[in-house]
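Content type mmCIF, C-alpha atoms, from the file query13.cif:
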```cif
data_query
loop_
_atom_site.label_atom_id
_atom_site.label_comp_id
_atom_site.auth_asym_id
_atom_site.auth_seq_id
_atom_site.Cartn_x
_atom_site.Cartn_y
_atom_site.Cartn_z
CA MET N 56 -4.98 -13.51 27.32
CA SER N 57 -2.61 -15.67 29.29
CA GLN N 58 0.55 -13.90 28.13
CA LEU N 59 1.65 -10.48 29.23
CA LEU N 60 0.63 -7.57 27.00
CA VAL N 61 2.77 -4.44 27.30
CA GLU N 62 1.69 -1.29 25.47
CA TYR N 63 4.29 1.20 24.26
CA PRO N 64 3.82 4.98 24.42
CA LEU N 65 3.06 6.61 21.09
CA THR N 66 6.10 8.30 19.58
CA ARG N 67 6.09 11.28 17.25
CA ARG N 68 9.37 10.56 15.50
CA TYR N 69 7.95 11.65 12.15
CA ALA N 70 5.76 14.63 11.42
CA GLN N 71 2.06 14.31 12.10
CA ASP N 72 0.14 17.47 11.28
CA ASN N 73 -3.34 15.96 11.30
CA PRO N 74 -5.58 15.77 14.36
CA LEU N 75 -5.86 12.38 16.05
CA ALA N 76 -8.22 11.73 18.92
CA ARG N 77 -8.72 8.58 20.94
CA GLY N 78 -12.08 6.94 20.42
CA ALA N 79 -14.20 5.08 22.93
CA ASP N 80 -12.52 1.85 21.85
CA GLY N 81 -9.08 3.26 22.68
CA VAL N 82 -7.98 3.60 19.05
CA LEU N 83 -6.53 6.86 17.77
CA ARG N 84 -8.58 8.18 14.86
CA TYR N 85 -8.43 11.06 12.42
CA GLY N 86 -11.23 13.50 13.05
CA ASN N 87 -11.55 15.18 9.66
CA LEU N 88 -11.74 12.40 7.07
CA THR N 89 -14.12 12.50 4.13
CA PRO N 90 -16.92 9.94 4.55
CA ALA N 91 -15.62 7.65 1.81
CA LEU N 92 -12.64 7.07 -0.46
CA THR N 93 -14.69 7.88 -3.57
CA GLU N 94 -15.53 11.32 -2.18
CA LEU N 95 -11.87 12.12 -1.52
CA LEU N 96 -10.92 11.09 -5.06
CA ASP N 97 -13.85 13.03 -6.53
CA LEU N 98 -12.58 16.19 -4.82
CA GLN N 99 -9.11 15.67 -6.26
CA VAL N 100 -10.46 15.07 -9.75
CA HIS N 101 -12.11 18.47 -9.72
CA ALA N 102 -9.03 20.15 -8.25
CA PHE N 103 -6.54 18.59 -10.69
CA SER N 104 -8.70 17.71 -13.69
CA THR N 105 -6.15 18.50 -16.42
CA ARG N 106 -3.13 16.91 -14.72
CA GLU N 107 -1.94 13.47 -15.74
CA ALA N 108 -3.32 10.96 -13.24
CA VAL N 109 -1.88 7.69 -14.52
CA VAL N 110 0.73 6.81 -17.14
CA GLU N 111 1.69 3.39 -18.45
CA ILE N 112 5.24 3.30 -19.80
CA GLY N 113 4.93 2.57 -23.51
CA GLY N 114 1.13 2.66 -23.22
CA PRO N 115 -1.82 4.97 -22.53
CA ARG N 116 -1.88 7.99 -20.24
CA LEU N 117 -4.93 9.64 -18.75
CA THR N 118 -5.67 12.96 -17.07
CA TYR N 119 -7.72 13.03 -13.89
CA ARG N 120 -10.81 14.02 -15.87
CA GLU N 121 -10.28 11.23 -18.41
CA LEU N 122 -9.60 8.63 -15.73
CA TRP N 123 -12.68 9.58 -13.71
CA HIS N 124 -14.93 9.65 -16.78
CA SER N 125 -13.75 6.23 -17.96
CA ALA N 126 -14.05 4.76 -14.46
CA SER N 127 -17.59 6.12 -14.09
CA ARG N 128 -18.57 4.50 -17.40
CA ILE N 129 -17.13 1.19 -16.17
CA ALA N 130 -19.20 1.67 -13.01
CA GLY N 131 -22.26 2.23 -15.20
CA GLY N 132 -21.47 -0.94 -17.13
CA LEU N 133 -21.16 -2.91 -13.91
CA GLN N 134 -24.52 -1.50 -12.81
CA GLU N 135 -26.04 -2.82 -16.03
CA HIS N 136 -24.68 -6.25 -15.07
CA GLY N 137 -26.56 -5.98 -11.76
CA ILE N 138 -23.56 -4.95 -9.65
CA GLY N 139 -24.33 -2.52 -6.85
CA TYR N 140 -23.60 -1.50 -3.30
CA GLY N 141 -21.66 -4.10 -1.32
CA ASP N 142 -21.22 -6.57 -4.18
CA ARG N 143 -17.68 -7.82 -4.74
CA VAL N 144 -15.82 -7.26 -7.99
CA ALA N 145 -12.56 -9.15 -8.42
CA VAL N 146 -9.80 -7.25 -10.24
CA HIS N 147 -7.51 -9.93 -11.69
CA MET N 148 -5.55 -8.05 -14.33
CA PRO N 149 -1.96 -7.15 -15.19
CA VAL N 150 -0.67 -3.84 -13.88
CA GLY N 151 -1.35 -0.85 -16.11
CA VAL N 152 -3.76 1.96 -16.85
CA ARG N 153 -6.63 -0.48 -17.43
CA TRP N 154 -6.05 -1.96 -13.95
CA VAL N 155 -6.51 1.48 -12.41
CA GLN N 156 -9.62 2.12 -14.52
CA ALA N 157 -11.10 -1.23 -13.49
CA PHE N 158 -10.30 -0.72 -9.80
CA LEU N 159 -11.83 2.75 -9.72
CA GLY N 160 -14.81 1.59 -11.79
CA ALA N 161 -15.54 -1.09 -9.20
CA LEU N 162 -15.30 1.51 -6.43
CA LEU N 163 -17.58 3.97 -8.21
CA SER N 164 -20.20 1.28 -8.83
CA GLY N 165 -20.61 0.95 -5.06
CA ALA N 166 -19.01 -2.49 -5.10
CA VAL N 167 -16.07 -3.73 -3.04
CA PRO N 168 -12.98 -4.36 -5.20
CA VAL N 169 -11.24 -7.68 -4.52
CA LEU N 170 -7.52 -7.47 -5.31
CA VAL N 171 -6.24 -10.62 -7.04
CA HIS N 172 -2.56 -10.55 -7.97
CA ASP N 173 -2.02 -11.35 -11.64
CA GLY N 174 1.10 -13.34 -10.73
CA LEU N 175 -0.73 -15.88 -8.57
CA PRO N 176 -0.83 -19.48 -9.79
CA ASP N 177 -4.18 -20.09 -11.46
CA ALA N 178 -5.35 -22.46 -8.73
CA VAL N 179 -4.58 -19.92 -5.99
CA ALA N 180 -6.27 -17.10 -7.91
CA GLU N 181 -9.36 -19.26 -8.32
CA ARG N 182 -9.36 -19.97 -4.57
CA VAL N 183 -9.17 -16.25 -3.80
CA ILE N 184 -11.99 -15.38 -6.21
CA ALA N 185 -14.15 -18.20 -4.86
CA ASP N 186 -13.42 -17.29 -1.23
CA SER N 187 -14.43 -13.66 -1.85
CA SER N 188 -17.76 -14.79 -3.34
CA ALA N 189 -17.06 -12.35 -6.16
CA ASP N 190 -20.17 -11.27 -8.03
CA PHE N 191 -18.18 -10.19 -11.10
CA VAL N 192 -14.62 -10.71 -12.33
CA LEU N 193 -12.61 -8.16 -14.28
CA GLY N 194 -10.09 -10.68 -15.51
CA ARG N 195 -7.16 -11.46 -17.74
CA ASP N 196 -9.33 -11.59 -20.86
CA ILE N 197 -9.44 -7.79 -20.67
CA ALA N 198 -5.66 -7.69 -21.06
CA ARG N 199 -6.07 -9.89 -24.14
CA GLY N 200 -8.38 -7.40 -25.83
CA ALA N 201 -11.79 -7.90 -24.19
CA GLU N 202 -13.61 -4.71 -23.35
CA LEU N 203 -14.17 -3.36 -19.88
CA PRO N 204 -17.84 -2.94 -18.91
CA ASP N 205 -19.26 0.25 -20.39
CA GLY N 206 -22.45 2.13 -19.65
CA ALA N 207 -23.88 5.49 -18.72
CA ALA N 208 -21.57 7.29 -16.29
CA PHE N 209 -22.40 6.38 -12.69
CA ILE N 210 -20.92 7.28 -9.31
CA ASP N 211 -22.12 5.78 -6.03
CA ASP N 212 -20.64 7.87 -3.21
CA GLY N 213 -23.05 6.95 -0.46
CA ALA N 214 -20.64 4.90 1.65
CA ALA N 215 -19.67 5.64 5.25
CA LEU N 216 -16.35 5.45 7.11
CA GLY N 217 -17.12 2.10 8.70
CA ASP N 218 -18.25 0.44 5.48
CA LEU N 219 -16.17 -2.24 3.78
CA ALA N 220 -14.27 -0.61 0.91
CA LEU N 221 -11.67 -3.18 -0.18
CA LEU N 222 -10.85 -6.87 0.11
CA SER N 223 -7.09 -7.40 0.00
CA TYR N 224 -5.69 -10.91 0.33
CA THR N 225 -2.56 -11.93 2.15
CA SER N 226 -0.07 -13.61 -0.13
CA GLY N 227 0.25 -16.98 1.59
CA THR N 228 3.78 -18.45 1.77
CA PRO N 229 4.78 -20.23 -0.33
CA LEU N 230 2.34 -19.48 -3.15
CA SER N 231 0.83 -22.77 -4.27
CA ALA N 232 -2.50 -24.38 -4.83
CA THR N 233 -2.51 -25.61 -1.23
CA THR N 234 -1.94 -22.27 0.50
CA ALA N 235 -4.90 -20.34 1.80
CA PRO N 236 -4.51 -16.57 1.44
CA LYS N 237 -6.74 -14.73 3.91
CA GLY N 238 -9.14 -12.01 2.84
CA VAL N 239 -8.54 -8.83 4.85
CA GLU N 240 -11.44 -6.42 5.20
CA LEU N 241 -10.37 -2.79 4.84
CA THR N 242 -12.93 -0.08 5.53
CA ASN N 243 -13.12 3.42 4.16
CA GLU N 244 -11.65 4.64 7.44
CA ASN N 245 -8.73 2.20 7.14
CA LEU N 246 -7.93 3.37 3.59
CA LEU N 247 -8.39 7.08 4.24
CA SER N 248 -6.32 6.90 7.44
CA ALA N 249 -3.50 5.06 5.66
CA ILE N 250 -3.54 7.63 2.85
CA ARG N 251 -3.41 10.51 5.35
CA SER N 252 -0.58 8.88 7.28
CA VAL N 253 1.55 8.22 4.18
CA VAL N 254 1.01 11.69 2.73
CA CYS N 255 2.12 13.24 6.00
CA ALA N 256 5.02 10.91 6.86
CA LEU N 257 6.55 11.08 3.37
CA ASP N 258 5.67 14.77 3.04
CA LEU N 259 4.10 14.27 -0.37
CA PRO N 260 3.70 17.58 -2.23
CA THR N 261 0.65 18.75 -4.18
CA ASP N 262 2.58 20.44 -6.98
CA GLY N 263 2.66 17.54 -9.42
CA LEU N 264 4.51 14.59 -7.88
CA ARG N 265 5.40 11.87 -10.43
CA ASN N 266 5.65 8.53 -8.64
CA LEU N 267 7.02 5.47 -10.45
CA VAL N 268 5.18 2.69 -8.62
CA LEU N 269 6.85 -0.70 -9.08
CA LEU N 270 5.04 -2.36 -6.18
CA PRO N 271 2.18 -4.75 -7.05
CA LEU N 272 -1.08 -2.83 -7.28
CA ALA N 273 -2.91 -5.94 -6.06
CA HIS N 274 -1.10 -5.65 -2.70
CA ALA N 275 -1.86 -3.09 -0.01
CA SER N 276 1.71 -1.76 -0.32
CA GLY N 277 1.12 -0.76 -3.94
CA CYS N 278 -2.56 0.14 -4.00
CA VAL N 279 -3.25 1.65 -0.58
CA ASP N 280 0.17 3.10 0.20
CA GLN N 281 1.33 4.41 -3.19
CA LEU N 282 -1.42 4.56 -5.83
CA LEU N 283 -4.05 6.14 -3.61
CA PRO N 284 -1.82 8.65 -1.73
CA THR N 285 -0.36 9.82 -5.06
CA LEU N 286 -3.85 10.41 -6.45
CA ALA N 287 -4.84 12.07 -3.17
CA VAL N 288 -2.20 14.80 -3.68
CA GLY N 289 -2.92 15.27 -7.39
CA GLY N 290 0.22 13.45 -8.47
CA THR N 291 0.88 11.18 -11.42
CA VAL N 292 1.16 7.41 -10.95
CA VAL N 293 3.60 5.95 -13.49
CA LEU N 294 3.31 2.21 -14.06
CA ALA N 295 5.39 -0.40 -15.90
CA ARG N 296 4.02 -3.60 -17.43
CA ASP N 297 7.51 -5.14 -17.23
CA GLY N 298 11.07 -4.14 -16.37
CA ARG N 299 12.13 -3.09 -19.84
CA GLY N 300 13.22 0.50 -20.31
CA LEU N 301 12.70 1.54 -16.71
CA ALA N 302 15.95 3.45 -16.39
CA GLU N 303 15.24 5.49 -19.51
CA ALA N 304 11.64 6.05 -18.41
CA ILE N 305 12.79 7.58 -15.13
CA VAL N 306 14.36 10.38 -17.14
CA ALA N 307 11.75 10.60 -19.91
CA GLU N 308 8.80 10.70 -17.49
CA ARG N 309 10.49 13.22 -15.15
CA ILE N 310 10.11 10.84 -12.21
CA ASP N 311 10.73 12.45 -8.82
CA MET N 312 9.63 9.55 -6.58
CA MET N 313 10.16 5.79 -6.85
CA SER N 314 8.36 3.08 -4.91
CA ALA N 315 9.46 -0.55 -5.03
CA THR N 316 10.64 -3.51 -2.99
CA PRO N 317 14.34 -3.79 -2.08
CA ARG N 318 14.66 -6.68 -4.52
CA ILE N 319 13.29 -4.63 -7.42
CA PHE N 320 15.58 -1.71 -6.58
CA ALA N 321 18.57 -4.05 -6.48
CA ARG N 322 17.69 -5.41 -9.95
CA LEU N 323 17.30 -1.89 -11.29
CA LEU N 324 20.65 -0.57 -10.06
CA PRO N 325 22.78 -1.94 -12.95
CA GLN N 326 20.45 -0.30 -15.50
CA LEU N 327 20.67 3.00 -13.67
CA ALA N 328 24.45 2.77 -13.39
CA ALA N 329 24.75 2.16 -17.13
CA LEU N 330 22.51 5.14 -17.81
CA ARG N 331 24.61 7.36 -15.57
CA ASP N 332 27.80 6.11 -17.21
CA ASP N 333 26.35 7.21 -20.55
CA GLY N 334 26.11 10.74 -19.18
CA VAL N 335 22.37 10.79 -18.46
CA ARG N 336 21.55 12.80 -15.35
CA THR N 337 19.62 10.91 -12.65
CA GLU N 338 19.50 13.55 -9.91
CA GLY N 339 15.78 14.33 -10.24
CA ILE N 340 14.56 11.73 -7.75
CA GLY N 341 13.62 13.39 -4.46
CA ARG N 342 11.90 10.49 -2.67
CA ILE N 343 12.48 6.75 -2.56
CA SER N 344 10.03 4.48 -0.76
CA LYS N 345 11.02 0.88 -0.08
CA ALA N 346 8.41 -1.60 1.06
CA GLY N 347 9.35 -5.24 1.40
CA HIS N 348 7.17 -8.25 2.03
CA ARG N 349 8.13 -10.14 5.18
CA GLY N 350 9.66 -13.09 3.36
CA GLU N 351 11.60 -10.84 1.03
CA ARG N 352 13.53 -9.02 3.73
CA ALA N 353 15.82 -11.98 4.30
CA ALA N 354 16.06 -12.88 0.61
CA ALA N 355 16.85 -9.44 -0.88
CA PRO N 356 20.01 -9.60 -3.01
CA ALA N 357 21.41 -6.53 -1.27
CA THR N 358 21.16 -5.84 2.43
CA PRO N 359 19.07 -2.77 3.32
CA ALA N 360 22.19 -0.87 4.41
CA ASP N 361 24.11 -1.68 1.21
CA LEU N 362 21.11 -0.91 -0.97
CA ALA N 363 20.53 2.42 0.74
CA ALA N 364 24.14 3.42 0.14
CA GLU N 365 24.00 2.44 -3.53
CA LEU N 366 20.75 4.31 -4.07
CA ARG N 367 22.21 7.33 -2.30
CA GLY N 368 25.13 7.30 -4.70
CA MET N 369 22.74 7.09 -7.64
CA PHE N 370 20.21 9.64 -6.34
CA PRO N 371 22.11 11.94 -3.94
CA ALA N 372 19.18 14.32 -3.42
CA ALA N 373 16.64 11.61 -2.58
CA ARG N 374 15.22 11.04 0.88
CA GLN N 375 14.91 7.29 1.40
CA TRP N 376 12.23 5.64 3.48
CA SER N 377 11.72 2.00 4.38
CA ILE N 378 8.13 1.13 5.25
CA TRP N 379 6.90 -1.95 7.09
CA GLY N 380 3.36 -3.12 7.30
CA ALA N 381 1.01 -6.05 6.81
CA THR N 382 -2.11 -6.37 4.70
CA GLU N 383 -4.01 -6.27 7.99
CA THR N 384 -2.51 -2.82 8.77
CA SER N 385 -3.28 -1.45 5.29
CA GLY N 386 0.36 -2.05 4.39
CA ILE N 387 1.72 0.62 6.76
CA GLY N 388 2.61 0.96 10.42
CA LEU N 389 6.37 1.44 10.77
CA ALA N 390 8.82 3.59 8.84
CA VAL N 391 12.43 4.65 9.07
CA ASP N 392 14.33 7.35 7.25
CA ASP N 393 17.45 5.59 5.96
CA ALA N 394 19.49 8.61 7.06
CA GLU N 395 18.65 7.77 10.69
CA PRO N 396 21.84 6.88 12.60
CA VAL N 397 20.69 3.50 13.94
CA ALA N 398 22.68 0.46 14.97
CA ASP N 399 22.05 -2.95 13.40
CA ALA N 400 20.30 -1.28 10.45
CA ASP N 401 19.63 -4.54 8.63
CA ALA N 402 17.24 -5.65 11.39
CA VAL N 403 15.38 -2.33 11.70
CA LEU N 404 11.68 -2.28 10.87
CA GLY N 405 11.06 1.33 11.89
CA PHE N 406 9.21 3.72 14.14
CA PRO N 407 5.40 3.81 14.32
CA PHE N 408 3.78 6.65 12.40
CA GLY N 409 0.31 8.00 11.75
CA GLY N 410 -2.06 6.65 14.37
CA THR N 411 -0.30 3.29 14.74
CA GLU N 412 0.31 2.18 18.33
CA LEU N 413 2.34 -0.84 19.39
CA ALA N 414 2.31 -3.51 22.08
CA LEU N 415 4.33 -6.61 22.83
CA CYS N 416 2.93 -9.97 23.85
CA GLY N 417 4.83 -12.79 25.52
CA PRO N 418 6.80 -13.71 28.62
CA GLN N 419 9.62 -11.22 27.80
CA ALA N 420 7.32 -8.34 26.84
CA GLN N 421 8.29 -6.30 29.88
CA ALA N 422 11.94 -6.58 28.83
CA GLY N 423 11.19 -5.28 25.33
CA HIS N 424 10.89 -8.51 23.35
CA GLY N 425 7.88 -10.39 22.13
CA GLU N 426 5.28 -10.70 19.41
CA LEU N 427 4.47 -7.34 17.82
CA LEU N 428 0.87 -6.13 18.10
CA CYS N 429 -0.53 -3.09 16.29
CA ARG N 430 -3.65 -1.03 16.52
CA GLY N 431 -4.71 2.17 14.80
CA PRO N 432 -7.20 3.67 12.35
CA ASN N 433 -5.48 1.80 9.52
CA VAL N 434 -5.85 -1.67 11.12
CA SER N 435 -8.45 -4.02 9.66
CA PRO N 436 -11.36 -4.96 11.92
CA ARG N 437 -11.49 -8.61 10.79
CA TYR N 438 -10.82 -11.26 8.17
CA TRP N 439 -13.39 -11.87 5.48
CA ASN N 440 -15.81 -14.66 6.36
CA ASP N 441 -13.33 -16.19 8.82
CA PRO N 442 -14.33 -15.68 12.46
CA THR N 443 -11.94 -18.39 13.68
CA THR N 444 -8.81 -16.69 12.29
CA THR N 445 -10.16 -13.31 13.35
CA ALA N 446 -10.49 -14.51 16.95
CA ALA N 447 -6.96 -15.96 16.84
CA ARG N 448 -5.26 -12.89 15.38
CA PHE N 449 -7.19 -10.03 17.00
CA THR N 450 -7.40 -9.25 20.71
CA GLY N 451 -9.94 -6.48 20.93
CA THR N 452 -8.54 -3.77 18.65
CA TRP N 453 -5.00 -5.22 18.71
CA PHE N 454 -3.75 -7.17 15.68
CA HIS N 455 -1.21 -9.94 16.35
CA THR N 456 1.39 -9.68 13.58
CA GLY N 457 3.12 -12.97 14.44
CA ASP N 458 6.51 -11.20 14.16
CA GLN N 459 9.02 -11.50 17.01
CA VAL N 460 10.64 -8.10 17.60
CA THR N 461 12.38 -5.88 20.11
CA ILE N 462 11.33 -2.31 20.86
CA ASP N 463 13.89 0.06 22.34
CA ALA N 464 13.38 3.08 24.56
CA ASP N 465 12.97 5.41 21.54
CA GLY N 466 10.21 3.25 20.06
CA LEU N 467 12.39 1.77 17.30
CA VAL N 468 11.30 -1.73 16.29
CA ARG N 469 13.79 -4.39 15.19
CA ARG N 470 13.31 -7.96 14.08
CA GLY N 471 14.43 -10.80 16.32
CA PRO N 472 15.20 -11.44 19.98
CA ILE N 473 16.99 -9.26 22.46
CA GLN N 474 20.73 -9.26 21.93
CA THR N 475 22.59 -10.25 25.10
CA GLU N 476 26.23 -9.59 25.91
#
```
Just give me the structure of the file as structure tokens.
Amino acid sequence: MSQLLVEYPLTRRYAQDNPLARGADGVLRYGNLTPALTELLDLQVHAFSTREAVVEIGGPRLTYRELWHSASRIAGGLQEHGIGYGDRVAVHMPVGVRWVQAFLGALLSGAVPVLVHDGLPDAVAERVIADSSADFVLGRDIARGAELPDGAAFIDDGAALGDLALLSYTSGTPLSATTAPKGVELTNENLLSAIRSVVCALDLPTDGLRNLVLLPLAHASGCVDQLLPTLAVGGTVVLARDGRGLAEAIVAERIDMMSATPRIFARLLPQLAALRDDGVRTEGIGRISKAGHRGERAAAPATPADLAAELRGMFPAARQWSIWGATETSGIGLAVDDAEPVADADAVLGFPFGGTELALCGPQAQAGHGELLCRGPNVSPRYWNDPTTTAARFTGTWFHTGDQVTIDADGLVRRGPIQTE
């Protein structure tokens, strides 16, 4: 590389109670992961079989046992269609309980789920499905009444840590028929490491967490960083097909954690204020997780600082976290507790957590400014079927985010260039 690369010492700003050891490739890795995501989920199903696993507001709700049984029958149905280990199954459905069943069914069949956002323009969705070489599509017709595949219950749990477990596509900006979202390969190790990191950093409890997830499940931020960690601690994932009745559902469903983008939270605030003005108590929320896409940070209707203050007034007992990540980093990498006394809060991306390590690239890297690079057990090894982009965006184990940032002496990352007097 012609430009200077400066690595930054790993910080332990947020709790990390899981063992990490540096591998031969220099990457920090967890030493006690289950061999595959399906095995971790199988363990949780047996531990929390009668708890609610997933709830759709105004729709179905399933216990862990019911969810696992239905997913295993979908896996059996996929097997009858010739789908097996390593095949790709596109999940192109609206958010809801059936999305979760389809996603888990694809996993249990031994296939690799391909996440296709239901909100994509048709031409872009078709490009994603074609690019993934999907062998089967669980599509929108299911939402219109078509049946999910169904067969004898089947579970393929023979995968290994290094095996491909998920294809998650970058959004492409702007979304149009001419953009080319990139398929990001995420291995079992990437997913399990991200789950472990989120559970630890957000201190997720195992006593029945109820997480209202308003992030898209077809993005890493929703699927990898909220759906899967909640299932990993035996919690309940609460989903909404649309924005109607959310404020009332927070109370009715006994929600104690909310996960959304800043823009969604800002839209929800008037509903919550009206509910509070009607005398309904909203103090039950203990955790708020905000994850914004890169383009959304600048376009959010409330600045992060203003939004944090408004949410604090609405949910005084809640601990608020802002999480930054890319699809290539499994949606995680940096986090900041909004109670942190930091200057220029609107530009803050966060501190590294889990096994994420940082470096800067560029002529000013030594002075603390440059392109942000990340590596860690959660970082993708490559793009799907795209060696040219892989070579351009990965230097060894380091992923080039393309974001210009500054890193201060405490390891805090902010957007933009160094501020000079």
(message) List the spatial neighbours of Ile378 of chain N as a PyMOL selection string - criterion: any atom at most 6 Å away, only C-alpha atoms, same-chain residues fewer than 6 positions off excluded.
(response) chain N and resi 346+389-390
(message) What's around Thr225 of chain N at 9 Å? Count all atoms listed in the file, leave out sequence neighbours fewer than 2 positions away in its own chain, and write the answer as a list in words.
(response) Ser223, Gly227, Ala235, Pro236, Lys237, Gly238, Val239, His274, Ala381, Thr382 and Glu383 of chain N
(request) Check the smallest atom-to-atom distance from each of N:Leu270, N:Ile184, N:Leu83, N:Val109 to Gly289 of chain N using all atoms listed in the file, then report the winner. (result) N:Val109
(message) One number please: atom CA of Gly471 of chain N to atom CA of Asp458 of chain N, in Å, one decimal.
(response)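 Pair atom CA of Gly471 of chain N / atom CA of Asp458 of chain N returns 8.2 Å.
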Output of the PyMOL selection byres ((chain N and resi 204) around 10), listed as a compact mmCIF listing (two decimals) with C-alpha atoms, keeping the file's coordinate frame:
```txt
# COMPACT_ATOMS: atom_id res chain seq x y z
CA ALA N 126 -14.05 4.76 -14.46
CA ARG N 128 -18.57 4.50 -17.40
CA ILE N 129 -17.13 1.19 -16.17
CA ALA N 130 -19.20 1.67 -13.01
CA GLY N 131 -22.26 2.23 -15.20
CA GLY N 132 -21.47 -0.94 -17.13
CA LEU N 133 -21.16 -2.91 -13.91
CA GLN N 134 -24.52 -1.50 -12.81
CA GLU N 135 -26.04 -2.82 -16.03
CA HIS N 136 -24.68 -6.25 -15.07
CA ALA N 157 -11.10 -1.23 -13.49
CA GLY N 160 -14.81 1.59 -11.79
CA LEU N 193 -12.61 -8.16 -14.28
CA ILE N 197 -9.44 -7.79 -20.67
CA ALA N 201 -11.79 -7.90 -24.19
CA GLU N 202 -13.61 -4.71 -23.35
CA LEU N 203 -14.17 -3.36 -19.88
CA ASP N 205 -19.26 0.25 -20.39
CA GLY N 206 -22.45 2.13 -19.65
```
(message) From the options N:Arg296, N:Leu467, N:Gly339, N:Gly386, which residue's atoms come nearest to Gly114 of chain N, counting all atoms listed in the file?
(response) N:Arg296
(request) Run the PyMOL selection byres ((chain N and resi 433) around 6) mentally over the shown coordinates, then write out the matched residues as a PyMOL selection string, using the chain letters and numbers from the document. (result) chain N and resi 245+248-249+384-385+431-432+434
(request) Can you pull out every residue within 9 Å of Arg182 of chain N, counting only C-alpha atoms, but drop anything in the same chain fewer than 3 positions away, and send it as JSON, numbers by chain? (result) {"N": [177, 178, 179, 185, 186, 187, 232, 235, 236]}
Would you save the residues from that selection as a PDB file, in the coordinates of the input, using C-alpha atoms?
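Generated output (selection22.pdb):
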```pdb
ATOM      1  CA  ASP N 177      -4.180 -20.090 -11.460  1.00  0.00           C
ATOM      2  CA  ALA N 178      -5.350 -22.460  -8.730  1.00  0.00           C
ATOM      3  CA  VAL N 179      -4.580 -19.920  -5.990  1.00  0.00           C
ATOM      4  CA  ALA N 185     -14.150 -18.200  -4.860  1.00  0.00           C
ATOM      5  CA  ASP N 186     -13.420 -17.290  -1.230  1.00  0.00           C
ATOM      6  CA  SER N 187     -14.430 -13.660  -1.850  1.00  0.00           C
ATOM      7  CA  ALA N 232      -2.500 -24.380  -4.830  1.00  0.00           C
ATOM      8  CA  ALA N 235      -4.900 -20.340   1.800  1.00  0.00           C
ATOM      9  CA  PRO N 236      -4.510 -16.570   1.440  1.00  0.00           C
TER      10      PRO N 236
END
```
(request) Find the distance between atom CA of Tyr119 of chain N and atom CA of His101 of chain N and write it in Å to one decimal. (result) 8.1 Å
Complete segment 255-267 of chain N at the level of N, CA and C atoms, written as a PDB file, in the frame of the given file.
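Full text of result30.pdb as output:
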```pdb
ATOM      1  N   CYS N 255       1.453  12.427   4.988  1.00  0.00           N
ATOM      2  CA  CYS N 255       2.120  13.240   6.000  1.00  0.00           C
ATOM      3  C   CYS N 255       3.541  12.749   6.267  1.00  0.00           C
ATOM      4  N   ALA N 256       3.705  11.440   6.486  1.00  0.00           N
ATOM      5  CA  ALA N 256       5.020  10.910   6.860  1.00  0.00           C
ATOM      6  C   ALA N 256       6.046  11.100   5.751  1.00  0.00           C
ATOM      7  N   LEU N 257       5.626  10.912   4.490  1.00  0.00           N
ATOM      8  CA  LEU N 257       6.550  11.080   3.370  1.00  0.00           C
ATOM      9  C   LEU N 257       6.540  12.501   2.821  1.00  0.00           C
ATOM     10  N   ASP N 258       5.726  13.361   3.431  1.00  0.00           N
ATOM     11  CA  ASP N 258       5.670  14.770   3.040  1.00  0.00           C
ATOM     12  C   ASP N 258       5.437  14.910   1.533  1.00  0.00           C
ATOM     13  N   LEU N 259       4.383  14.251   1.056  1.00  0.00           N
ATOM     14  CA  LEU N 259       4.100  14.270  -0.370  1.00  0.00           C
ATOM     15  C   LEU N 259       3.556  15.638  -0.781  1.00  0.00           C
ATOM     16  N   PRO N 260       4.117  16.239  -1.815  1.00  0.00           N
ATOM     17  CA  PRO N 260       3.700  17.580  -2.230  1.00  0.00           C
ATOM     18  C   PRO N 260       2.471  17.531  -3.140  1.00  0.00           C
ATOM     19  N   THR N 261       1.830  18.659  -3.316  1.00  0.00           N
ATOM     20  CA  THR N 261       0.650  18.750  -4.180  1.00  0.00           C
ATOM     21  C   THR N 261       0.947  19.501  -5.475  1.00  0.00           C
ATOM     22  N   ASP N 262       2.222  19.639  -5.800  1.00  0.00           N
ATOM     23  CA  ASP N 262       2.580  20.440  -6.980  1.00  0.00           C
ATOM     24  C   ASP N 262       2.919  19.599  -8.198  1.00  0.00           C
ATOM     25  N   GLY N 263       2.454  18.337  -8.226  1.00  0.00           N
ATOM     26  CA  GLY N 263       2.660  17.540  -9.420  1.00  0.00           C
ATOM     27  C   GLY N 263       3.657  16.414  -9.261  1.00  0.00           C
ATOM     28  N   LEU N 264       3.652  15.744  -8.131  1.00  0.00           N
ATOM     29  CA  LEU N 264       4.510  14.590  -7.880  1.00  0.00           C
ATOM     30  C   LEU N 264       4.334  13.552  -8.990  1.00  0.00           C
ATOM     31  N   ARG N 265       5.451  12.949  -9.436  1.00  0.00           N
ATOM     32  CA  ARG N 265       5.400  11.870 -10.430  1.00  0.00           C
ATOM     33  C   ARG N 265       6.062  10.643  -9.824  1.00  0.00           C
ATOM     34  N   ASN N 266       5.222   9.678  -9.437  1.00  0.00           N
ATOM     35  CA  ASN N 266       5.650   8.530  -8.640  1.00  0.00           C
ATOM     36  C   ASN N 266       5.685   7.278  -9.526  1.00  0.00           C
ATOM     37  N   LEU N 267       6.879   6.736  -9.735  1.00  0.00           N
ATOM     38  CA  LEU N 267       7.020   5.470 -10.450  1.00  0.00           C
ATOM     39  C   LEU N 267       6.763   4.345  -9.446  1.00  0.00           C
TER      40      LEU N 267
END
```
